[in-house]
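Visitor: Can you read through this structure? Questions will come right after.
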Amino acid sequence: MTSGTDFEIFLMAPPGFETELCAEARARSFTSPKVVAGGVVVTGGWPEVWRANLELRGCGHVLARIGSFRAMHLAQLDKRARKFPWGTFLRKDVPVHVEASCTRSRIYHSAAAAQRISKAIAEELGAPVKPDASVVIKVRIEDDLCTISIDSSGESLHKRGHKEAVGKAPMRETLAALFLRRCGFDGTEPVVDPMCGSGTFVIEAAEMAAGLKPGRSRRFAFEMLAGFDAAQWEGMRRSGDVLQPKVSFFGSDRDAGAVRMATENAQRSGVAAFTSFRQQAVSDLQPPEGPPGLVIVNPPYGTRIGDKKPLYALYGALGRPCASGFPAGAWES
Ligand SMILES: C[S@@+](CC[C@H](N)C(=O)[O-])C[C@H]1O[C@@H](n2cnc3c(N)ncnc32)[C@H](O)[C@@H]1O
């Protein structure tokens, strides 16, 4: 069994964005970030787990890998799970839910594995096991090695806690932040989204420019774990300066409801002073006053929206003002 002060922390990335998340983790000074399938691994202790949840814009969930042991069959899994120091991590009064997966292992029945671990936690620690619990234990059995992780985030991290209003096909904040990073956005140039919907790109860009922490307003599962230090967390959450961006961030959409939503979402996020939203068809798009920057857009597409035919005209209507008003070399898109 392994478990020490520092452990592996797994940062979950949207498929195809592991490299960008790794670059973000490196930029935020996490230790030894390494790209792995589905995400990035760093090392650290609980303060780094909290900070990953608080600061990383591209990460979907932060898993704390709290220990591992070999298990060749279910009886051994049961025995070793009963000896695992659950009380170091979990509270007796907080319900948990266990999820398991098995790969290339003699134990191949993931539901049976989850049941053995759930029973060990319920009987040895006394914590209630419930399917809708906010604390989720993830058990991965790979090559007969059973690795135990806690999902320290709880609800997916794209839920920043500011967006009450979303449209039909909103983009996840985590994905928007990673697209901005992939485009080289560093917070110093204006951003234009001519089909902004609920304003995700514009608000993410504005928050990045202002140095706001993405998790500043929400709750996390780690707040319900044993040994959580609320005062230290509060200090971390409140630390750092908020900057006044030198440029502005612009969204437009032909739909009045979308513009209203985006405006309200920007207000709740605290970036209303340097964002602006207007009702406008993409064909009327004009470059804003000020320096050139980045045009980024998540247009309606394919089957998610329904009928594809009107998309040809729409994409033409998007391309024309981009080509004429936002010259490549000055503007990026
Ligand atoms: C996929 S959604 C964008 C979602 C957005 N990224 C978000 O996170 O909420 C596409 C948006 O394009 C807008 N749209 C469609 N046709 C348009 C047009 N001709 N001019 C401007 N906006 C348009 C829709 O109203 C919709 O809000």
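For the structure tokens, the naming scheme is as follows: chains receive sequential letters (A, B, ...) according to their order of presentation, residues are indexed from 1 within each chain, and ligands are indexed from 1 in presentation order.
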Under the rule of at most 8 Å, produce a per-residue listing of chain A near ligand 1: chain, number, name, the closest pair of atoms, and the distance in Å, as a Markdown table, using only C-alpha atoms and all ligand atoms.

Guide:
```
| residue | atom | partner | partner_atom_place_in_ligand_line | distance |
| --- | --- | --- | --- | --- |
| A:Val166 | CA | ligand 1 | 9 (O) | 6.0 |
| A:Gly167 | CA | ligand 1 | 9 (O) | 5.6 |
| A:Lys168 | CA | ligand 1 | 2 (S) | 6.9 |
| A:Ala169 | CA | ligand 1 | 1 (C) | 4.9 |
| A:Pro170 | CA | ligand 1 | 9 (O) | 3.6 |
| A:Met171 | CA | ligand 1 | 8 (O) | 3.8 |
| A:Arg172 | CA | ligand 1 | 8 (O) | 6.6 |
| A:Glu173 | CA | ligand 1 | 8 (O) | 7.6 |
| A:Ala176 | CA | ligand 1 | 8 (O) | 7.9 |
| A:Pro194 | CA | ligand 1 | 21 (C) | 6.1 |
| A:Met195 | CA | ligand 1 | 12 (O) | 4.1 |
| A:Cys196 | CA | ligand 1 | 5 (C) | 4.8 |
| A:Gly197 | CA | ligand 1 | 27 (O) | 3.4 |
| A:Ser198 | CA | ligand 1 | 9 (O) | 3.7 |
| A:Gly199 | CA | ligand 1 | 9 (O) | 5.5 |
| A:Thr200 | CA | ligand 1 | 8 (O) | 4.4 |
| A:Phe201 | CA | ligand 1 | 6 (N) | 6.4 |
| A:Ser252 | CA | ligand 1 | 21 (C) | 6.8 |
| A:Asp253 | CA | ligand 1 | 22 (N) | 3.9 |
| A:Arg254 | CA | ligand 1 | 21 (C) | 4.1 |
| A:Asp255 | CA | ligand 1 | 25 (O) | 4.8 |
| A:Ala258 | CA | ligand 1 | 27 (O) | 5.8 |
| A:Ala262 | CA | ligand 1 | 9 (O) | 7.9 |
| A:Gln279 | CA | ligand 1 | 21 (C) | 8.0 |
| A:Gln280 | CA | ligand 1 | 21 (C) | 6.0 |
| A:Ala281 | CA | ligand 1 | 20 (N) | 3.5 |
| A:Val282 | CA | ligand 1 | 20 (N) | 3.8 |
| A:Ser283 | CA | ligand 1 | 20 (N) | 6.6 |
| A:Val297 | CA | ligand 1 | 6 (N) | 6.8 |
| A:Asn298 | CA | ligand 1 | 6 (N) | 4.9 |
| A:Pro299 | CA | ligand 1 | 10 (C) | 4.6 |
| A:Pro300 | CA | ligand 1 | 1 (C) | 4.3 |
| A:Tyr301 | CA | ligand 1 | 1 (C) | 7.0 |
| A:Ile305 | CA | ligand 1 | 1 (C) | 7.9 |
| A:Leu314 | CA | ligand 1 | 19 (N) | 5.8 |
| A:Ala317 | CA | ligand 1 | 19 (N) | 7.1 |
| A:Leu318 | CA | ligand 1 | 19 (N) | 7.7 |
```

Visitor: Please provide as a list of chain:residue names all residues within 12 Å of Trp233 in chain A, with the sequence filter that same-chain residues fewer than 3 positions apart are discarded (counting only C-alpha atoms).

Guide: A:Trp46, A:Pro47, A:Glu48, A:Val49, A:Trp50, A:Arg51, A:Asn53, A:Leu54, A:Gly215, A:Arg216, A:Arg219, A:Phe220, A:Phe222, A:Glu223, A:Gly227, A:Phe228, A:Asp229, A:Ala230, A:Met236, A:Arg237, A:Arg238, A:Ser239

Visitor: Taking the backbone alone, and naming residues the way the document does, which bits of range 85-169 of chain A are helix (DSSP H, G or I) by DSSP, as a PyMOL selection string?

Guide: chain A and resi 86-89+110-125

Visitor: Give me a file of those residues, with N, CA, C and O atoms, as a tab-separated table (two decimals), in the first residue's frame.

Guide:
```tsv
chain	number	residue	atom	x	y	z
A	86	TRP	N	-9.19	4.80	5.52
A	86	TRP	CA	-10.26	5.67	5.01
A	86	TRP	C	-10.45	6.90	5.89
A	86	TRP	O	-10.74	8.00	5.40
A	87	GLY	N	-10.28	6.71	7.21
A	87	GLY	CA	-10.51	7.81	8.16
A	87	GLY	C	-9.54	8.97	8.00
A	87	GLY	O	-9.82	10.08	8.46
A	88	THR	N	-8.40	8.74	7.32
A	88	THR	CA	-7.46	9.84	7.06
A	88	THR	C	-8.07	10.82	6.05
A	88	THR	O	-7.74	12.00	6.02
A	89	PHE	N	-8.96	10.30	5.20
A	89	PHE	CA	-9.46	11.11	4.08
A	89	PHE	C	-10.95	11.43	4.17
A	89	PHE	O	-11.41	12.47	3.72
A	110	SER	N	-16.58	-4.78	-12.48
A	110	SER	CA	-16.40	-3.49	-11.81
A	110	SER	C	-17.48	-3.23	-10.75
A	110	SER	O	-17.19	-2.64	-9.71
A	111	ALA	N	-18.71	-3.71	-11.01
A	111	ALA	CA	-19.78	-3.49	-10.02
A	111	ALA	C	-19.47	-4.24	-8.73
A	111	ALA	O	-19.69	-3.72	-7.62
A	112	ALA	N	-18.92	-5.46	-8.87
A	112	ALA	CA	-18.57	-6.24	-7.67
A	112	ALA	C	-17.42	-5.55	-6.91
A	112	ALA	O	-17.42	-5.52	-5.67
A	113	ALA	N	-16.46	-5.00	-7.66
A	113	ALA	CA	-15.34	-4.30	-7.02
A	113	ALA	C	-15.85	-3.09	-6.25
A	113	ALA	O	-15.48	-2.85	-5.09
A	114	ALA	N	-16.74	-2.31	-6.88
A	114	ALA	CA	-17.31	-1.12	-6.22
A	114	ALA	C	-18.08	-1.52	-4.97
A	114	ALA	O	-17.99	-0.85	-3.92
A	115	GLN	N	-18.78	-2.64	-5.04
A	115	GLN	CA	-19.57	-3.11	-3.90
A	115	GLN	C	-18.66	-3.47	-2.72
A	115	GLN	O	-18.93	-3.13	-1.57
A	116	ARG	N	-17.51	-4.14	-3.01
A	116	ARG	CA	-16.59	-4.53	-1.93
A	116	ARG	C	-16.00	-3.30	-1.25
A	116	ARG	O	-15.89	-3.24	-0.04
A	117	ILE	N	-15.62	-2.30	-2.06
A	117	ILE	CA	-15.01	-1.08	-1.48
A	117	ILE	C	-16.07	-0.30	-0.69
A	117	ILE	O	-15.80	0.18	0.42
A	118	SER	N	-17.28	-0.22	-1.23
A	118	SER	CA	-18.37	0.50	-0.53
A	118	SER	C	-18.61	-0.13	0.83
A	118	SER	O	-18.76	0.56	1.84
A	119	LYS	N	-18.65	-1.47	0.84
A	119	LYS	CA	-18.93	-2.21	2.08
A	119	LYS	C	-17.80	-1.97	3.09
A	119	LYS	O	-18.05	-1.77	4.30
A	120	ALA	N	-16.56	-1.98	2.61
A	120	ALA	CA	-15.42	-1.75	3.51
A	120	ALA	C	-15.53	-0.35	4.14
A	120	ALA	O	-15.31	-0.20	5.35
A	121	ILE	N	-15.87	0.65	3.34
A	121	ILE	CA	-15.98	2.02	3.87
A	121	ILE	C	-17.13	2.09	4.88
A	121	ILE	O	-16.99	2.65	5.97
A	122	ALA	N	-18.27	1.49	4.53
A	122	ALA	CA	-19.45	1.56	5.41
A	122	ALA	C	-19.18	0.83	6.73
A	122	ALA	O	-19.50	1.33	7.80
A	123	GLU	N	-18.53	-0.34	6.63
A	123	GLU	CA	-18.38	-1.16	7.85
A	123	GLU	C	-17.14	-0.78	8.67
A	123	GLU	O	-17.18	-0.83	9.90
A	124	GLU	N	-16.06	-0.38	8.03
A	124	GLU	CA	-14.84	-0.06	8.80
A	124	GLU	C	-14.85	1.39	9.28
A	124	GLU	O	-14.43	1.67	10.39
A	125	LEU	N	-15.32	2.31	8.44
A	125	LEU	CA	-15.33	3.73	8.83
A	125	LEU	C	-16.68	4.14	9.43
A	125	LEU	O	-16.76	4.97	10.32
```

Visitor: For the atom pair CA of Val135 in chain A and CA of Asp151 in chain A, what is the interatomic distance in Å to one decimal place?

Guide: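 About the pair CA of Val135 in chain A and CA of Asp151 in chain A: they are 6.9 Å apart.
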
Visitor: Under the rule that only C-alpha atoms are counted, which of A:Thr188, A:Ser217, A:Ser29, A:Thr147 is the nearest residue to Leu77 in chain A?

Guide: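 Ranked by minimum distance to Leu77 in chain A, first place goes to A:Thr147.
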
Visitor: Can you check which residues of range 3-99 of chain A DSSP gives as strand (DSSP E) on the backbone and send them as a VMD selection string?

Guide: chain A and resid 7 to 12 31 to 36 39 to 44 62 to 70 96 to 99

Visitor: Keeping only N, CA, C and O atoms, write the selected residues to a file as a compact mmCIF listing (two decimals), in the first residue's frame.

Guide:
```txt
# COMPACT_ATOMS: atom_id res chain seq x y z
N PHE A 7 1.28 13.06 -3.15
CA PHE A 7 0.71 11.97 -3.94
C PHE A 7 0.50 12.46 -5.36
O PHE A 7 0.73 13.64 -5.66
N GLU A 8 0.05 11.57 -6.23
CA GLU A 8 -0.26 11.95 -7.61
C GLU A 8 -1.60 12.67 -7.64
O GLU A 8 -2.55 12.23 -6.97
N ILE A 9 -1.64 13.72 -8.41
CA ILE A 9 -2.91 14.44 -8.60
C ILE A 9 -3.22 14.37 -10.10
O ILE A 9 -2.38 14.76 -10.92
N PHE A 10 -4.39 13.84 -10.42
CA PHE A 10 -4.77 13.69 -11.83
C PHE A 10 -5.70 14.84 -12.22
O PHE A 10 -6.74 15.06 -11.58
N LEU A 11 -5.32 15.55 -13.26
CA LEU A 11 -6.12 16.68 -13.75
C LEU A 11 -6.82 16.21 -15.03
O LEU A 11 -6.16 15.93 -16.03
N MET A 12 -8.12 16.11 -14.99
CA MET A 12 -8.87 15.59 -16.14
C MET A 12 -9.00 16.67 -17.21
O MET A 12 -9.36 17.81 -16.89
N THR A 31 3.92 20.95 -9.75
CA THR A 31 5.16 20.18 -9.81
C THR A 31 5.07 19.03 -10.83
O THR A 31 4.12 18.25 -10.79
N SER A 32 6.06 18.97 -11.70
CA SER A 32 6.27 17.88 -12.67
C SER A 32 5.01 17.53 -13.48
O SER A 32 4.61 16.36 -13.51
N PRO A 33 4.37 18.49 -14.14
CA PRO A 33 3.20 18.11 -14.94
C PRO A 33 3.59 17.20 -16.11
O PRO A 33 4.59 17.45 -16.77
N LYS A 34 2.78 16.18 -16.29
CA LYS A 34 3.07 15.18 -17.34
C LYS A 34 1.77 14.81 -18.03
O LYS A 34 0.77 14.52 -17.35
N VAL A 35 1.75 14.82 -19.37
CA VAL A 35 0.56 14.42 -20.12
C VAL A 35 0.39 12.91 -20.03
O VAL A 35 1.34 12.16 -20.24
N VAL A 36 -0.82 12.48 -19.70
CA VAL A 36 -1.17 11.04 -19.72
C VAL A 36 -2.52 10.93 -20.44
O VAL A 36 -3.14 11.95 -20.75
N GLY A 39 -5.66 13.26 -19.52
CA GLY A 39 -5.38 14.39 -18.64
C GLY A 39 -3.91 14.60 -18.37
O GLY A 39 -3.05 14.29 -19.21
N VAL A 40 -3.64 15.13 -17.20
CA VAL A 40 -2.29 15.53 -16.81
C VAL A 40 -2.09 15.07 -15.38
O VAL A 40 -3.01 15.16 -14.57
N VAL A 41 -0.88 14.58 -15.07
CA VAL A 41 -0.57 14.19 -13.70
C VAL A 41 0.45 15.18 -13.14
O VAL A 41 1.41 15.53 -13.81
N VAL A 42 0.19 15.66 -11.92
CA VAL A 42 1.16 16.47 -11.19
C VAL A 42 1.34 15.81 -9.82
O VAL A 42 0.59 14.89 -9.48
N THR A 43 2.32 16.28 -9.04
CA THR A 43 2.42 15.74 -7.68
C THR A 43 2.23 16.88 -6.68
O THR A 43 2.50 18.04 -6.98
N GLY A 44 1.78 16.51 -5.51
CA GLY A 44 1.57 17.52 -4.47
C GLY A 44 0.76 16.95 -3.33
O GLY A 44 0.49 15.76 -3.28
N VAL A 62 -10.45 17.28 -10.51
CA VAL A 62 -9.13 17.04 -9.91
C VAL A 62 -9.26 15.81 -9.02
O VAL A 62 -10.02 15.81 -8.05
N LEU A 63 -8.52 14.75 -9.38
CA LEU A 63 -8.57 13.52 -8.59
C LEU A 63 -7.31 13.39 -7.73
O LEU A 63 -6.20 13.51 -8.25
N ALA A 64 -7.52 13.17 -6.44
CA ALA A 64 -6.38 12.95 -5.53
C ALA A 64 -6.19 11.45 -5.41
O ALA A 64 -7.10 10.74 -4.95
N ARG A 65 -5.02 10.96 -5.84
CA ARG A 65 -4.75 9.51 -5.79
C ARG A 65 -4.20 9.18 -4.40
O ARG A 65 -3.03 9.40 -4.12
N ILE A 66 -5.06 8.67 -3.56
CA ILE A 66 -4.72 8.58 -2.13
C ILE A 66 -4.07 7.25 -1.74
O ILE A 66 -3.61 7.11 -0.62
N GLY A 67 -3.99 6.29 -2.63
CA GLY A 67 -3.31 5.05 -2.27
C GLY A 67 -3.56 3.96 -3.29
O GLY A 67 -4.42 4.09 -4.18
N SER A 68 -2.77 2.89 -3.17
CA SER A 68 -2.96 1.77 -4.10
C SER A 68 -2.49 0.48 -3.43
O SER A 68 -1.68 0.52 -2.50
N PHE A 69 -3.03 -0.62 -3.88
CA PHE A 69 -2.60 -1.94 -3.42
C PHE A 69 -2.93 -2.97 -4.48
O PHE A 69 -3.78 -2.72 -5.33
N ARG A 70 -2.23 -4.11 -4.41
CA ARG A 70 -2.49 -5.17 -5.38
C ARG A 70 -3.72 -5.96 -4.93
O ARG A 70 -3.92 -6.16 -3.72
N VAL A 96 -20.63 8.87 0.88
CA VAL A 96 -19.73 8.69 -0.27
C VAL A 96 -20.38 7.75 -1.29
O VAL A 96 -21.29 6.99 -0.96
N HIS A 97 -19.88 7.84 -2.50
CA HIS A 97 -20.31 6.93 -3.56
C HIS A 97 -19.03 6.38 -4.20
O HIS A 97 -18.06 7.11 -4.36
N VAL A 98 -19.03 5.08 -4.53
CA VAL A 98 -17.84 4.46 -5.09
C VAL A 98 -18.11 4.06 -6.55
O VAL A 98 -19.13 3.45 -6.85
N GLU A 99 -17.18 4.43 -7.44
CA GLU A 99 -17.24 4.01 -8.84
C GLU A 99 -15.98 3.21 -9.13
O GLU A 99 -14.91 3.59 -8.66
```

Visitor: Would you mind listing, for every residue of range 114-189 of chain A within 7 Å of range 17-21 of chain A, the two atoms forming the shortest contact and the distance between them in Å to one decimal, using only C-alpha atoms, sorted by chain and ascending residue number, as a tab-separated table?

Guide:
```
residue	atom	partner	partner_atom	distance
A:Leu178	CA	A:Glu20	CA	6.3
A:Arg181	CA	A:Glu20	CA	6.8
A:Arg182	CA	A:Glu20	CA	6.6
```

Visitor: For the selection you just gave me, I'd like the residues written to a file as a tab-separated table (two decimals), in the first residue's frame, keeping all heavy atoms.

Guide:
```
chain	number	residue	atom	x	y	z
A	178	LEU	N	-9.49	26.47	-22.82
A	178	LEU	CA	-8.43	25.73	-23.51
A	178	LEU	C	-8.31	26.16	-24.97
A	178	LEU	O	-7.22	26.24	-25.51
A	178	LEU	CB	-8.70	24.22	-23.39
A	178	LEU	CG	-8.48	23.66	-21.98
A	178	LEU	CD1	-9.13	22.28	-21.84
A	178	LEU	CD2	-7.00	23.58	-21.61
A	181	ARG	N	-6.41	29.36	-24.92
A	181	ARG	CA	-4.98	29.05	-24.70
A	181	ARG	C	-4.37	28.51	-26.00
A	181	ARG	O	-3.27	28.89	-26.38
A	181	ARG	CB	-4.86	28.04	-23.57
A	181	ARG	CG	-3.47	27.64	-23.22
A	181	ARG	CD	-3.42	26.87	-21.93
A	181	ARG	NE	-3.25	27.72	-20.78
A	181	ARG	CZ	-2.08	28.21	-20.39
A	181	ARG	NH1	-0.98	27.94	-21.05
A	181	ARG	NH2	-1.99	28.98	-19.34
A	182	ARG	N	-5.08	27.63	-26.69
A	182	ARG	CA	-4.56	27.06	-27.95
A	182	ARG	C	-4.33	28.16	-28.99
A	182	ARG	O	-3.44	28.07	-29.81
A	182	ARG	CB	-5.54	26.02	-28.50
A	182	ARG	CG	-5.02	25.27	-29.69
A	182	ARG	CD	-5.94	24.15	-30.10
A	182	ARG	NE	-5.71	22.93	-29.35
A	182	ARG	CZ	-6.35	21.79	-29.56
A	182	ARG	NH1	-7.25	21.71	-30.51
A	182	ARG	NH2	-6.10	20.72	-28.83
```
